[in-house]
>>> print(open('model17.txt').read())   # compact mmCIF, C-alpha atoms
# COMPACT_ATOMS: atom_id res chain seq x y z
CA MET O 52 -63.53 30.71 -2.06
CA LYS O 53 -65.96 28.61 -0.10
CA ASN O 54 -63.09 26.96 1.75
CA TYR O 55 -61.54 30.29 2.69
CA ARG O 56 -64.87 31.40 4.10
CA PHE O 57 -65.16 28.19 6.06
CA ILE O 58 -61.65 28.50 7.49
CA LEU O 59 -62.16 32.13 8.32
CA ILE O 60 -65.39 31.47 10.20
CA TYR O 61 -63.72 28.51 11.87
CA ILE O 62 -60.90 30.72 13.20
CA VAL O 63 -63.38 33.36 14.27
CA MET O 64 -65.39 30.77 16.19
CA VAL O 65 -62.24 29.57 17.92
CA VAL O 66 -61.51 33.13 18.94
CA VAL O 67 -65.12 33.50 20.13
CA GLN O 68 -64.73 30.36 22.22
CA VAL O 69 -61.50 31.70 23.75
CA LEU O 70 -63.20 34.99 24.54
CA LEU O 71 -66.17 33.16 26.05
CA VAL O 72 -63.91 31.21 28.35
CA ASN O 73 -61.75 34.17 29.31
CA PHE O 74 -64.19 37.03 29.65
CA PHE O 75 -67.68 35.61 30.08
CA PRO O 76 -67.65 33.18 32.93
CA LEU O 77 -71.43 32.93 33.30
CA SER O 78 -71.76 30.68 36.32
CA ARG O 79 -70.14 27.87 38.25
CA TYR O 80 -72.92 25.67 36.98
CA LEU O 81 -72.89 26.74 33.36
CA LEU O 82 -70.39 26.22 30.60
CA VAL O 83 -70.97 27.44 27.10
CA SER O 84 -69.01 25.91 24.28
CA VAL O 85 -69.19 25.98 20.51
CA LEU O 86 -66.46 23.39 20.14
CA PRO O 87 -68.89 20.48 19.51
CA ALA O 88 -70.36 22.54 16.68
CA LEU O 89 -66.90 23.14 15.24
CA ILE O 90 -66.43 19.37 15.12
CA LEU O 91 -69.87 18.76 13.69
CA VAL O 92 -69.38 21.20 10.80
CA LEU O 93 -66.26 19.50 9.47
CA PRO O 94 -66.82 18.09 5.97
CA VAL O 95 -69.14 15.07 6.16
CA ASP O 96 -66.63 12.73 4.52
CA THR O 97 -64.04 13.47 7.22
CA ARG O 98 -63.12 10.15 8.82
CA ALA O 99 -62.75 9.54 12.52
CA ILE O 100 -58.97 9.83 12.64
CA PRO O 101 -58.73 13.31 11.03
CA ALA O 102 -61.73 14.39 13.09
CA MET O 103 -59.98 13.32 16.28
CA LEU O 104 -56.76 15.04 15.27
CA VAL O 105 -58.66 18.26 14.51
CA SER O 106 -60.50 17.88 17.85
CA PHE O 107 -57.25 17.55 19.72
CA ALA O 108 -55.67 20.51 17.97
CA LEU O 109 -58.81 22.61 18.44
CA GLY O 110 -59.04 21.81 22.13
CA PHE O 111 -55.34 22.46 22.59
CA ALA O 112 -55.59 25.84 20.84
CA VAL O 113 -58.58 26.95 22.94
CA ASP O 114 -56.91 25.84 26.18
CA PHE O 115 -53.62 27.41 25.17
CA PHE O 116 -55.12 30.81 24.48
CA SER O 117 -57.50 30.81 27.39
CA ASN O 118 -57.02 30.63 31.14
CA GLY O 119 -58.29 27.07 31.23
CA MET O 120 -56.40 23.96 32.06
CA LEU O 121 -54.27 22.84 29.16
CA GLY O 122 -55.52 19.52 27.82
CA ILE O 123 -59.02 19.45 29.29
CA SER O 124 -60.75 20.60 26.11
CA SER O 125 -58.72 18.15 24.04
CA LEU O 126 -59.59 15.38 26.47
CA ALA O 127 -63.32 16.15 26.10
CA LEU O 128 -63.36 16.96 22.40
CA VAL O 129 -61.47 13.89 21.08
CA PRO O 130 -64.34 11.51 22.09
CA ALA O 131 -66.73 13.88 20.30
CA GLY O 132 -64.52 13.64 17.22
CA LEU O 133 -64.56 9.85 17.53
CA VAL O 134 -68.36 9.54 17.63
CA ARG O 135 -69.00 12.35 15.12
CA GLY O 136 -69.26 10.05 12.07
CA ALA O 137 -71.63 7.69 13.85
CA VAL O 138 -73.77 10.60 15.02
CA ILE O 139 -74.03 12.04 11.49
CA ASP O 140 -74.90 8.63 10.04
CA GLY O 141 -77.34 7.88 12.85
CA VAL O 142 -79.13 11.23 12.87
CA PHE O 143 -79.02 12.29 9.23
CA GLY O 144 -78.83 8.89 7.56
CA ASP O 145 -76.18 7.16 5.46
CA GLU O 146 -77.29 8.91 2.25
CA LEU O 147 -75.76 12.17 3.37
CA SER O 148 -72.22 10.83 3.37
CA SER O 149 -72.81 8.55 0.37
CA ARG O 150 -74.17 11.44 -1.73
CA GLY O 151 -71.27 13.66 -0.65
CA ASP O 152 -73.63 16.37 0.61
CA GLU O 153 -72.69 18.70 3.43
CA LEU O 154 -74.71 19.53 6.52
CA SER O 155 -77.42 22.10 6.07
CA VAL O 156 -79.75 23.24 8.79
CA GLN O 157 -82.28 24.37 6.25
CA ARG O 158 -82.28 21.14 4.28
CA LEU O 159 -81.93 18.64 7.09
CA GLY O 160 -84.12 20.46 9.55
CA VAL O 161 -83.55 22.08 12.94
CA PRO O 162 -84.70 19.05 15.03
CA LYS O 163 -82.11 16.75 13.51
CA MET O 164 -79.43 19.37 13.93
CA VAL O 165 -80.49 19.89 17.55
CA LEU O 166 -80.30 16.14 18.14
CA ALA O 167 -76.82 15.86 16.60
CA SER O 168 -75.60 18.88 18.56
CA LEU O 169 -77.18 17.54 21.73
CA ILE O 170 -75.34 14.22 21.41
CA LEU O 171 -71.98 15.82 20.70
CA CYS O 172 -72.48 18.40 23.49
CA SER O 173 -73.41 15.59 25.88
CA VAL O 174 -70.26 13.65 25.05
CA TYR O 175 -68.12 16.76 25.31
CA PHE O 176 -69.53 18.06 28.59
CA LEU O 177 -69.68 14.62 30.16
CA VAL O 178 -65.91 14.23 29.85
CA TYR O 179 -65.19 17.92 30.46
CA ILE O 180 -67.17 18.19 33.71
CA TRP O 181 -65.92 14.81 34.91
CA ALA O 182 -62.29 15.89 34.39
CA ASP O 183 -62.90 19.41 35.69
CA SER O 184 -64.53 18.10 38.88
CA ALA O 185 -61.55 15.81 39.49
CA GLY O 186 -63.56 13.78 41.95
CA THR O 187 -64.09 16.76 44.24
CA VAL O 188 -67.66 17.69 43.22
CA PRO O 189 -70.59 15.54 44.38
CA PHE O 190 -72.72 13.82 41.77
CA TRP O 191 -75.84 16.03 41.75
CA PRO O 192 -74.06 19.40 41.45
CA ALA O 193 -71.99 17.91 38.65
CA ALA O 194 -75.13 16.53 37.02
CA LEU O 195 -76.83 19.93 37.28
CA ARG O 196 -73.80 21.59 35.71
CA PHE O 197 -73.85 19.03 32.94
CA ALA O 198 -77.55 19.42 32.25
CA LEU O 199 -77.44 23.23 32.22
CA SER O 200 -74.35 23.31 30.03
CA VAL O 201 -75.84 20.90 27.50
CA LEU O 202 -79.16 22.75 27.47
CA VAL O 203 -77.53 26.11 26.79
CA SER O 204 -74.72 24.95 24.52
CA THR O 205 -76.90 22.83 22.21
CA PRO O 206 -78.83 25.81 20.74
CA VAL O 207 -75.62 27.82 20.61
CA CYS O 208 -74.05 24.99 18.62
CA VAL O 209 -77.04 24.79 16.26
CA PHE O 210 -76.77 28.52 15.77
CA THR O 211 -73.04 28.14 15.10
CA VAL O 212 -73.65 25.40 12.56
CA ARG O 213 -75.99 27.78 10.69
CA PHE O 214 -73.06 30.14 10.24
CA PHE O 215 -71.14 27.43 8.45
CA ARG O 216 -73.91 25.44 6.82
CA PRO O 217 -77.03 27.60 6.48
CA MET C 218 -60.63 -8.27 2.33
CA ALA C 219 -62.95 -5.29 2.91
CA ARG C 220 -63.77 -6.68 6.34
CA ALA C 221 -60.10 -7.00 7.20
CA GLY C 222 -59.49 -3.44 6.02
CA LYS C 223 -62.39 -2.21 8.14
CA PHE C 224 -61.03 -4.11 11.13
CA TYR C 225 -57.55 -2.61 10.76
CA LEU C 226 -59.01 0.87 10.27
CA GLY C 227 -61.01 0.42 13.46
CA LEU C 228 -57.92 -0.78 15.27
CA VAL C 229 -55.85 2.20 14.10
CA THR C 230 -58.69 4.55 15.04
CA ALA C 231 -58.82 3.05 18.53
CA VAL C 232 -55.06 3.31 18.95
CA ILE C 233 -55.01 6.94 17.83
CA PHE C 234 -57.96 7.73 20.11
CA VAL C 235 -56.11 6.25 23.08
CA LEU C 236 -52.89 8.07 22.18
CA LEU C 237 -54.68 11.42 21.86
CA GLU C 238 -56.49 10.91 25.15
CA VAL C 239 -53.28 9.93 26.88
CA ALA C 240 -51.61 13.04 25.47
CA ALA C 241 -54.51 15.19 26.69
CA VAL C 242 -54.35 13.60 30.13
CA ALA C 243 -50.60 14.20 30.25
CA LEU C 244 -51.15 17.88 29.41
CA LEU C 245 -53.93 18.15 31.97
CA LYS C 246 -51.79 16.46 34.60
CA ARG C 247 -49.04 19.03 34.15
CA SER C 248 -51.31 22.05 34.09
CA SER C 249 -53.32 21.54 37.28
CA THR C 250 -52.38 20.25 40.73
CA LEU C 251 -55.90 19.12 41.53
CA GLN C 252 -56.20 17.21 38.26
CA ASN C 253 -52.70 15.84 38.80
CA ILE C 254 -53.72 14.34 42.15
CA TRP C 255 -56.97 13.05 40.69
CA ILE C 256 -55.27 11.43 37.70
CA ASN C 257 -52.62 9.90 39.96
CA ARG C 258 -55.33 8.48 42.17
CA ILE C 259 -57.15 7.00 39.17
CA SER C 260 -53.95 5.60 37.70
CA HIS C 261 -53.02 4.04 41.05
CA SER C 262 -56.47 2.57 41.33
CA VAL C 263 -56.27 1.18 37.79
CA MET C 264 -52.80 -0.21 38.45
CA ALA C 265 -53.93 -1.80 41.71
CA THR C 266 -56.94 -3.38 40.02
CA THR C 267 -54.80 -4.60 37.13
CA TRP C 268 -52.11 -6.05 39.38
CA GLY C 269 -54.78 -7.54 41.61
CA SER C 270 -56.34 -9.25 38.60
CA PHE C 271 -52.93 -10.48 37.43
CA THR C 272 -52.22 -11.82 40.90
CA LYS C 273 -55.58 -13.58 40.97
CA VAL C 274 -54.93 -15.17 37.58
CA ARG C 275 -51.38 -16.13 38.60
CA ASN C 276 -52.64 -17.62 41.85
CA TYR C 277 -55.30 -19.51 39.95
CA PHE C 278 -52.76 -21.06 37.61
CA GLY C 279 -50.44 -21.64 40.58
CA LEU C 280 -53.07 -23.80 42.29
CA ARG C 281 -51.72 -26.90 40.60
CA GLU C 282 -48.27 -26.28 42.07
CA GLN C 283 -49.81 -25.54 45.48
CA ASN C 284 -51.82 -28.75 45.23
CA GLU C 285 -48.68 -30.72 44.47
CA ILE C 286 -46.91 -29.18 47.47
CA LEU C 287 -49.89 -29.94 49.69
CA ALA C 288 -50.08 -33.48 48.33
CA GLY C 289 -46.37 -33.89 49.13
CA ARG C 290 -46.90 -32.57 52.65
CA ASN C 291 -49.93 -34.80 53.02
CA TYR C 292 -47.84 -37.78 51.99
CA GLU C 293 -45.07 -36.88 54.45
CA LEU C 294 -47.60 -36.50 57.26
CA PHE C 295 -49.23 -39.78 56.29
CA LYS C 296 -45.84 -41.51 56.41
CA GLU C 297 -45.13 -39.95 59.79
CA LEU C 298 -48.52 -41.03 61.07
CA GLN C 299 -47.98 -44.57 59.80
CA HIS C 300 -44.59 -44.61 61.48
CA TYR C 301 -46.13 -43.71 64.82
CA LYS C 302 -48.94 -46.20 64.29
CA GLU C 303 -46.41 -48.94 63.59
CA LEU C 304 -44.45 -47.97 66.68
CA GLU C 305 -47.64 -48.20 68.72
CA LYS C 306 -48.46 -51.59 67.21
CA SER C 307 -44.96 -52.83 67.91
CA VAL C 308 -45.30 -51.78 71.51
CA GLN C 309 -48.70 -53.44 71.73
CA ALA C 310 -47.41 -56.58 70.02
CA MET C 311 -44.47 -56.77 72.41
CA ALA C 312 -46.87 -56.29 75.30
CA ARG C 313 -48.97 -59.17 74.00
CA LEU C 314 -45.85 -61.26 73.64
CA ASP C 315 -45.01 -60.55 77.25
CA SER C 316 -48.52 -61.47 78.31
CA ALA C 317 -48.35 -64.66 76.24
CA ARG C 318 -45.08 -65.47 77.97
CA LEU C 319 -43.34 -66.56 74.85
CA PRO C 320 -40.03 -68.26 75.51
CA SER C 321 -37.22 -65.77 75.70
CA ARG C 322 -34.66 -67.76 73.74
CA PHE C 323 -36.41 -66.63 70.56
CA ASN C 324 -36.09 -63.20 69.04
CA TYR C 325 -39.40 -61.65 68.14
CA ILE C 326 -40.07 -59.11 65.41
CA PRO C 327 -43.55 -57.65 64.90
CA ALA C 328 -44.57 -57.51 61.26
CA GLU C 329 -47.49 -56.63 59.07
CA ILE C 330 -48.79 -58.83 56.31
CA THR C 331 -48.24 -57.19 52.93
CA ALA C 332 -49.80 -59.95 50.86
CA MET C 333 -51.19 -63.37 51.54
CA GLY C 334 -52.74 -66.09 49.45
CA THR C 335 -55.48 -68.30 50.83
CA ASN C 336 -57.11 -69.75 47.72
CA SER C 337 -54.61 -72.35 46.54
CA ARG C 338 -53.08 -75.45 48.07
CA HIS C 339 -49.68 -73.79 48.29
CA ASN C 340 -50.46 -70.47 49.92
CA TYR C 341 -47.81 -67.88 50.65
CA ILE C 342 -47.43 -64.87 52.87
CA ILE C 343 -45.36 -61.71 52.39
CA LEU C 344 -44.38 -59.60 55.38
CA ASP C 345 -43.14 -56.01 55.56
CA LYS C 346 -39.99 -56.88 57.47
CA GLY C 347 -36.82 -58.10 55.85
CA SER C 348 -33.17 -58.75 56.49
CA GLU C 349 -32.51 -55.16 57.54
CA HIS C 350 -34.99 -55.74 60.37
CA GLY C 351 -33.22 -58.93 61.44
CA VAL C 352 -35.50 -61.44 59.76
CA LYS C 353 -33.85 -64.69 58.74
CA PRO C 354 -35.11 -67.64 56.73
CA GLN C 355 -36.54 -70.60 58.66
CA SER C 356 -38.08 -68.30 61.25
CA ALA C 357 -41.58 -68.95 62.52
CA ILE C 358 -44.50 -66.70 61.75
CA ILE C 359 -46.86 -66.78 64.69
CA THR C 360 -49.50 -64.86 66.56
CA PRO C 361 -50.37 -65.27 70.20
CA ASN C 362 -53.30 -67.34 68.86
CA GLY C 363 -51.36 -69.78 66.74
CA VAL C 364 -49.00 -70.59 63.94
CA VAL C 365 -49.27 -68.65 60.70
CA GLY C 366 -46.38 -70.07 58.71
CA MET C 367 -42.65 -70.03 58.22
CA ILE C 368 -40.22 -67.59 56.59
CA TYR C 369 -38.86 -69.10 53.39
CA ALA C 370 -36.87 -66.29 51.78
CA VAL C 371 -35.80 -62.85 52.90
CA ASP C 372 -35.40 -59.65 50.98
CA ARG C 373 -33.85 -56.46 52.37
CA ARG C 374 -37.23 -54.98 53.30
CA TYR C 375 -39.67 -57.85 52.81
CA SER C 376 -39.80 -61.51 53.59
CA TYR C 377 -41.58 -64.33 51.84
CA GLY C 378 -43.05 -67.13 53.85
CA LEU C 379 -45.00 -70.32 53.41
CA SER C 380 -48.39 -70.02 54.99
CA PHE C 381 -49.59 -72.71 57.35
CA LEU C 382 -52.30 -73.13 54.69
CA ASN C 383 -49.71 -74.85 52.56
CA GLU C 384 -49.46 -78.59 52.21
CA LYS C 385 -45.67 -78.42 52.47
CA VAL C 386 -45.76 -76.87 55.94
CA SER C 387 -45.89 -79.11 58.96
CA VAL C 388 -45.69 -78.08 62.59
CA SER C 389 -44.74 -80.29 65.49
CA ALA C 390 -47.72 -80.07 67.81
CA ARG C 391 -48.67 -81.44 71.18
CA ILE C 392 -52.12 -82.27 72.41
CA GLY C 393 -52.45 -80.60 75.77
CA ARG C 394 -49.42 -79.39 77.68
CA GLU C 395 -47.86 -82.79 78.19
CA GLY C 396 -49.71 -85.01 75.75
CA LEU C 397 -49.02 -86.70 72.49
CA VAL C 398 -46.74 -85.06 69.95
CA ALA C 399 -47.61 -85.34 66.30
CA PRO C 400 -47.10 -83.41 63.05
CA LEU C 401 -49.85 -80.92 62.37
CA SER C 402 -50.56 -79.81 58.83
CA TRP C 403 -53.32 -78.20 56.84
CA ASP C 404 -55.91 -80.57 55.47
CA GLY C 405 -56.42 -78.50 52.33
CA GLN C 406 -60.14 -78.27 53.00
CA GLY C 407 -60.69 -74.99 54.83
CA SER C 408 -58.66 -72.16 56.25
CA ASP C 409 -59.75 -72.95 59.81
CA ARG C 410 -59.00 -76.67 59.84
CA ALA C 411 -55.90 -78.85 60.18
CA ILE C 412 -55.11 -82.45 60.98
CA LEU C 413 -52.77 -84.13 63.40
CA LYS C 414 -51.30 -87.08 61.55
CA ASP C 415 -49.65 -90.34 62.56
CA ILE C 416 -51.65 -90.81 65.72
CA PRO C 417 -51.23 -94.46 66.88
CA LEU C 418 -54.42 -96.52 66.87
CA HIS C 419 -54.24 -97.39 70.54
CA LEU C 420 -54.32 -93.79 71.62
CA THR C 421 -57.60 -92.01 71.96
CA VAL C 422 -57.85 -88.26 71.67
CA ALA C 423 -60.65 -86.44 73.38
CA GLU C 424 -62.51 -83.69 71.64
CA GLY C 425 -61.85 -80.17 72.90
CA ASP C 426 -58.23 -80.66 73.85
CA THR C 427 -56.01 -77.70 73.08
CA VAL C 428 -53.27 -78.30 70.56
CA ARG C 429 -50.02 -76.35 71.09
CA THR C 430 -46.65 -76.20 69.47
CA SER C 431 -44.52 -78.91 70.94
CA GLY C 432 -41.22 -77.11 71.11
CA ILE C 433 -39.53 -80.11 69.54
CA SER C 434 -38.45 -77.90 66.71
CA ALA C 435 -35.77 -75.36 66.07
CA VAL C 436 -38.30 -73.17 64.26
CA TYR C 437 -41.43 -72.78 66.38
CA PRO C 438 -41.43 -71.65 70.00
CA PRO C 439 -43.11 -74.15 72.37
CA ASP C 440 -46.59 -73.88 73.86
CA ILE C 441 -48.11 -71.58 71.27
CA PRO C 442 -51.80 -72.49 71.24
CA ILE C 443 -52.78 -73.59 67.74
CA GLY C 444 -56.29 -74.94 67.95
CA VAL C 445 -58.63 -77.39 69.54
CA THR C 446 -59.33 -81.01 68.65
CA THR C 447 -62.73 -81.70 67.13
CA GLY C 448 -62.56 -85.47 66.57
CA SER C 449 -60.47 -88.29 65.15
CA ARG C 450 -60.71 -90.53 62.08
CA LEU C 451 -59.14 -93.82 61.03
CA ILE C 452 -57.11 -93.58 57.84
CA ASP C 453 -56.30 -96.70 55.78
CA GLY C 454 -57.04 -98.85 58.83
CA ALA C 455 -53.56 -98.14 60.19
CA VAL C 456 -53.37 -94.68 61.73
CA ASN C 457 -55.68 -92.12 63.21
CA VAL C 458 -55.84 -88.50 62.23
CA VAL C 459 -57.19 -85.91 64.59
CA ASP C 460 -59.15 -82.99 63.25
CA VAL C 461 -58.16 -79.63 64.70
CA LYS C 462 -60.03 -76.36 64.52
CA LEU C 463 -57.47 -73.59 64.27
CA PHE C 464 -57.55 -70.51 66.49
CA VAL C 465 -56.08 -68.26 63.83
CA ASP C 466 -58.57 -66.59 61.56
CA PHE C 467 -56.55 -66.31 58.36
CA ALA C 468 -59.25 -64.23 56.69
CA SER C 469 -58.82 -61.32 59.12
CA LEU C 470 -55.15 -61.76 59.88
CA ARG C 471 -53.06 -58.62 59.50
CA TYR C 472 -50.33 -58.44 62.14
CA VAL C 473 -48.01 -61.28 63.00
CA ILE C 474 -44.86 -61.92 64.96
CA ILE C 475 -41.72 -63.37 63.45
CA ALA C 476 -39.98 -65.69 65.91
CA GLU C 477 -36.38 -66.39 65.14
CA ASN C 478 -34.36 -68.94 67.03
CA PRO C 479 -30.74 -67.74 67.21
CA ASP C 480 -29.62 -71.25 68.05
CA ARG C 481 -31.36 -72.88 65.12
CA THR C 482 -28.20 -73.31 63.02
CA THR C 483 -26.36 -74.92 65.92
CA ILE C 484 -29.26 -77.24 66.64
CA GLU C 485 -29.56 -78.25 63.00
CA LYS C 486 -25.81 -78.96 62.83
CA MET C 487 -26.08 -81.19 65.86
CA GLU C 488 -29.04 -83.01 64.29
CA ARG C 489 -26.86 -83.92 61.31
>>> encode(input="model17.txt", output="structure tokens")
Amino acid sequence: MKNYRFILIYIVMVVVQVLLVNFFPLSRYLLVSVLPALILVLPVDTRAIPAMLVSFALGFAVDFFSNGMLGISSLALVPAGLVRGAVIDGVFGDELSSRGDELSVQRLGVPKMVLASLILCSVYFLVYIWADSAGTVPFWPAALRFALSVLVSTPVCVFTVRFFRP
Amino acid sequence: MARAGKFYLGLVTAVIFVLLEVAAVALLKRSSTLQNIWINRISHSVMATTWGSFTKVRNYFGLREQNEILAGRNYELFKELQHYKELEKSVQAMARLDSARLPSRFNYIPAEITAMGTNSRHNYIILDKGSEHGVKPQSAIITPNGVVGMIYAVDRRYSYGLSFLNEKVSVSARIGREGLVAPLSWDGQGSDRAILKDIPLHLTVAEGDTVRTSGISAVYPPDIPIGVTTGSRLIDGAVNVVDVKLFVDFASLRYVIIAENPDRTTIEKMER
């Protein structure tokens, strides 16, 4: 039952992300994405390889159903899937995975969740903006876009994680 | 075992990461012209850097071969240089011969000393000219300043001679241009001294007279200055010997002239 709920919310969040991309283009300098959160909320014992495969598939699905460039989300999300395990161990400690517990904003605290989301968002947007700029955008505008996107997306991701793991 | 498993897991993870990223890049490349150009530029840059590095490494390991080629060229140039130097020396030697007015019935061949002994009582000399240069046994080895020795055996490219600093070598010498003729040989004492033997008691020899080759020989050209008399001594109460200081400095000798008498065989036959 729990799994069905998780999958259902997961699909809903993918749809939300597609809608965000297609119908709510906020600004040239701002990207909002919940995809790092969707990677973070995968079961804690998920290893790097499944996490990367899910990241690729997730990015592909979002790009496929949105007007974005096919492949760019996958390109940015796979590194996030790679570092996910290290981020969880580094931020929440090894006990979490060794005990078999799942993420919980209430139990682990908002600051730690913000930090984990911040790292994953940073990795995601770093690659995304770099690939999206394609060498045509100067450094500072790209840096501003990165900073704004991370600042806005991190709380959105924390909020998204609460849906999955209250 | 666990470490090996962890290593292989890490390796597989890295490979899958690269494959997924490559797949994503391939998708991105096909979906956007701008990204296509950008990715092409990056891939060209990466390829250029990679090939540049490979070329650098290949060039580095090819240095040995390059060095061998350069060493070979260096050797060829050195040989060429030596050839021209020898030609120049030959010309100079022939010019000296002309100035020394050596008799023309002899054939002269300039040569360089390859090896020479000076420390024993039977010293030898090896020259860099042999039969292919026209050198024949029983030829004289001279310089414009004196007698150096005599060719004893000839190889194709080298010749072996007996140095004047050899007790077996004797040269027919004359004191002054028209004076007494006597055999001159090394005294075995020093490389700059020789003695004129068999000087009759009734003849007195003044110090400072120049000793030359007499010409009464089928081997040595006449009138080659050999040395200067420094005094005479009575030996066994019967004969005098005259001490001669040689002109040739054997210690610094390097270039000589081989004098070959084409009529030597005929003269020797007549002597028999």
>>> residues_around(input="model17.txt", residues="C:Ile441", least_positions_apart="5", cutoff="7 Å", atoms="only C-alpha atoms", output="PyMOL selection string")
chain C and resi 361+363+429-430
>>> closest_residue(input="model17.txt", among="C:Ala399, C:Ala221, C:Val461, C:Leu251", to="chain O", atoms="only C-alpha atoms")
C:Leu251
>>> closest_residue(input="model17.txt", among="C:Ile359, C:Ile256, C:Ile412, C:Val465", to="C:Phe323", atoms="all atoms listed in the file")
C:Ile359
>>> atom_distance(input="model17.txt", atom1="atom CA of C:Tyr369", atom2="atom CA of C:Ser408")
20.2 Å
>>> residues_around(input="model17.txt", residues="O:Ser148", least_positions_apart="5", cutoff="10 Å", atoms="all atoms listed in the file", output="number ranges by chain")
O: 94-97, 136, 139-140, 143, 153-154
>>> interface_residues(input="model17.txt", of="chain C", to="chain O", cutoff="10 Å", atoms="only C-alpha atoms", output="PDB file with C-alpha atoms, in the coordinates of the input")
ATOM      1  CA  LEU C 226     -59.010   0.870  10.270  1.00  0.00           C
ATOM      2  CA  GLY C 227     -61.010   0.420  13.460  1.00  0.00           C
ATOM      3  CA  VAL C 229     -55.850   2.200  14.100  1.00  0.00           C
ATOM      4  CA  THR C 230     -58.690   4.550  15.040  1.00  0.00           C
ATOM      5  CA  ALA C 231     -58.820   3.050  18.530  1.00  0.00           C
ATOM      6  CA  VAL C 232     -55.060   3.310  18.950  1.00  0.00           C
ATOM      7  CA  ILE C 233     -55.010   6.940  17.830  1.00  0.00           C
ATOM      8  CA  PHE C 234     -57.960   7.730  20.110  1.00  0.00           C
ATOM      9  CA  VAL C 235     -56.110   6.250  23.080  1.00  0.00           C
ATOM     10  CA  LEU C 237     -54.680  11.420  21.860  1.00  0.00           C
ATOM     11  CA  GLU C 238     -56.490  10.910  25.150  1.00  0.00           C
ATOM     12  CA  VAL C 239     -53.280   9.930  26.880  1.00  0.00           C
ATOM     13  CA  ALA C 240     -51.610  13.040  25.470  1.00  0.00           C
ATOM     14  CA  ALA C 241     -54.510  15.190  26.690  1.00  0.00           C
ATOM     15  CA  VAL C 242     -54.350  13.600  30.130  1.00  0.00           C
ATOM     16  CA  ALA C 243     -50.600  14.200  30.250  1.00  0.00           C
ATOM     17  CA  LEU C 244     -51.150  17.880  29.410  1.00  0.00           C
ATOM     18  CA  LEU C 245     -53.930  18.150  31.970  1.00  0.00           C
ATOM     19  CA  LYS C 246     -51.790  16.460  34.600  1.00  0.00           C
ATOM     20  CA  ARG C 247     -49.040  19.030  34.150  1.00  0.00           C
ATOM     21  CA  SER C 248     -51.310  22.050  34.090  1.00  0.00           C
ATOM     22  CA  SER C 249     -53.320  21.540  37.280  1.00  0.00           C
ATOM     23  CA  LEU C 251     -55.900  19.120  41.530  1.00  0.00           C
ATOM     24  CA  GLN C 252     -56.200  17.210  38.260  1.00  0.00           C
ATOM     25  CA  ASN C 253     -52.700  15.840  38.800  1.00  0.00           C
ATOM     26  CA  ILE C 254     -53.720  14.340  42.150  1.00  0.00           C
ATOM     27  CA  TRP C 255     -56.970  13.050  40.690  1.00  0.00           C
ATOM     28  CA  ILE C 256     -55.270  11.430  37.700  1.00  0.00           C
ATOM     29  CA  ARG C 258     -55.330   8.480  42.170  1.00  0.00           C
ATOM     30  CA  ILE C 259     -57.150   7.000  39.170  1.00  0.00           C
TER      31      ILE C 259
END
>>> atom_distance(input="model17.txt", atom1="atom CA of C:Gly393", atom2="atom CA of C:Thr427")
5.3 Å
>>> atom_distance(input="model17.txt", atom1="atom CA of C:Ser356", atom2="atom CA of C:Asp415")
24.9 Å
>>> residues_around(input="model17.txt", residues="stretch 65-75 of chain O", least_positions_apart="5", cutoff="12 Å", atoms="all atoms listed in the file", output="PyMOL selection string")
chain O and resi 58-60+81-90+106+108-120+124+204+207-208+211
>>> residues_near_point(input="model17.txt", point="(-56.3, -80.4, 52.8)", cutoff="12 Å", atoms="all atoms listed in the file", output="mmCIF file with C-alpha atoms, in the frame of the given file")
data_model
loop_
_atom_site.group_PDB
_atom_site.id
_atom_site.type_symbol
_atom_site.label_atom_id
_atom_site.label_comp_id
_atom_site.auth_asym_id
_atom_site.auth_seq_id
_atom_site.Cartn_x
_atom_site.Cartn_y
_atom_site.Cartn_z
ATOM 1 C CA ASN C 336 -57.110 -69.750 47.720
ATOM 2 C CA SER C 337 -54.610 -72.350 46.540
ATOM 3 C CA ARG C 338 -53.080 -75.450 48.070
ATOM 4 C CA HIS C 339 -49.680 -73.790 48.290
ATOM 5 C CA ASN C 340 -50.460 -70.470 49.920
ATOM 6 C CA PHE C 381 -49.590 -72.710 57.350
ATOM 7 C CA LEU C 382 -52.300 -73.130 54.690
ATOM 8 C CA ASN C 383 -49.710 -74.850 52.560
ATOM 9 C CA GLU C 384 -49.460 -78.590 52.210
ATOM 10 C CA LYS C 385 -45.670 -78.420 52.470
ATOM 11 C CA VAL C 386 -45.760 -76.870 55.940
ATOM 12 C CA LEU C 401 -49.850 -80.920 62.370
ATOM 13 C CA SER C 402 -50.560 -79.810 58.830
ATOM 14 C CA TRP C 403 -53.320 -78.200 56.840
ATOM 15 C CA ASP C 404 -55.910 -80.570 55.470
ATOM 16 C CA GLY C 405 -56.420 -78.500 52.330
ATOM 17 C CA GLN C 406 -60.140 -78.270 53.000
ATOM 18 C CA GLY C 407 -60.690 -74.990 54.830
ATOM 19 C CA SER C 408 -58.660 -72.160 56.250
ATOM 20 C CA ASP C 409 -59.750 -72.950 59.810
ATOM 21 C CA ARG C 410 -59.000 -76.670 59.840
ATOM 22 C CA ALA C 411 -55.900 -78.850 60.180
ATOM 23 C CA ILE C 412 -55.110 -82.450 60.980
ATOM 24 C CA LEU C 413 -52.770 -84.130 63.400
ATOM 25 C CA ASP C 460 -59.150 -82.990 63.250
#
>>> closest_residue(input="model17.txt", among="O:Arg79, O:Leu199, O:Val142, O:Leu93", to="O:Pro162", atoms="only C-alpha atoms")
O:Val142
>>> residues_around(input="model17.txt", residues="C:Gly378", least_positions_apart="6", cutoff="8 Å", atoms="all atoms listed in the file", output="list in words")
Tyr341, Ile342, Ile343, Leu344, Gly366, Met367, Ile368, Tyr369 and Ala370 of chain C
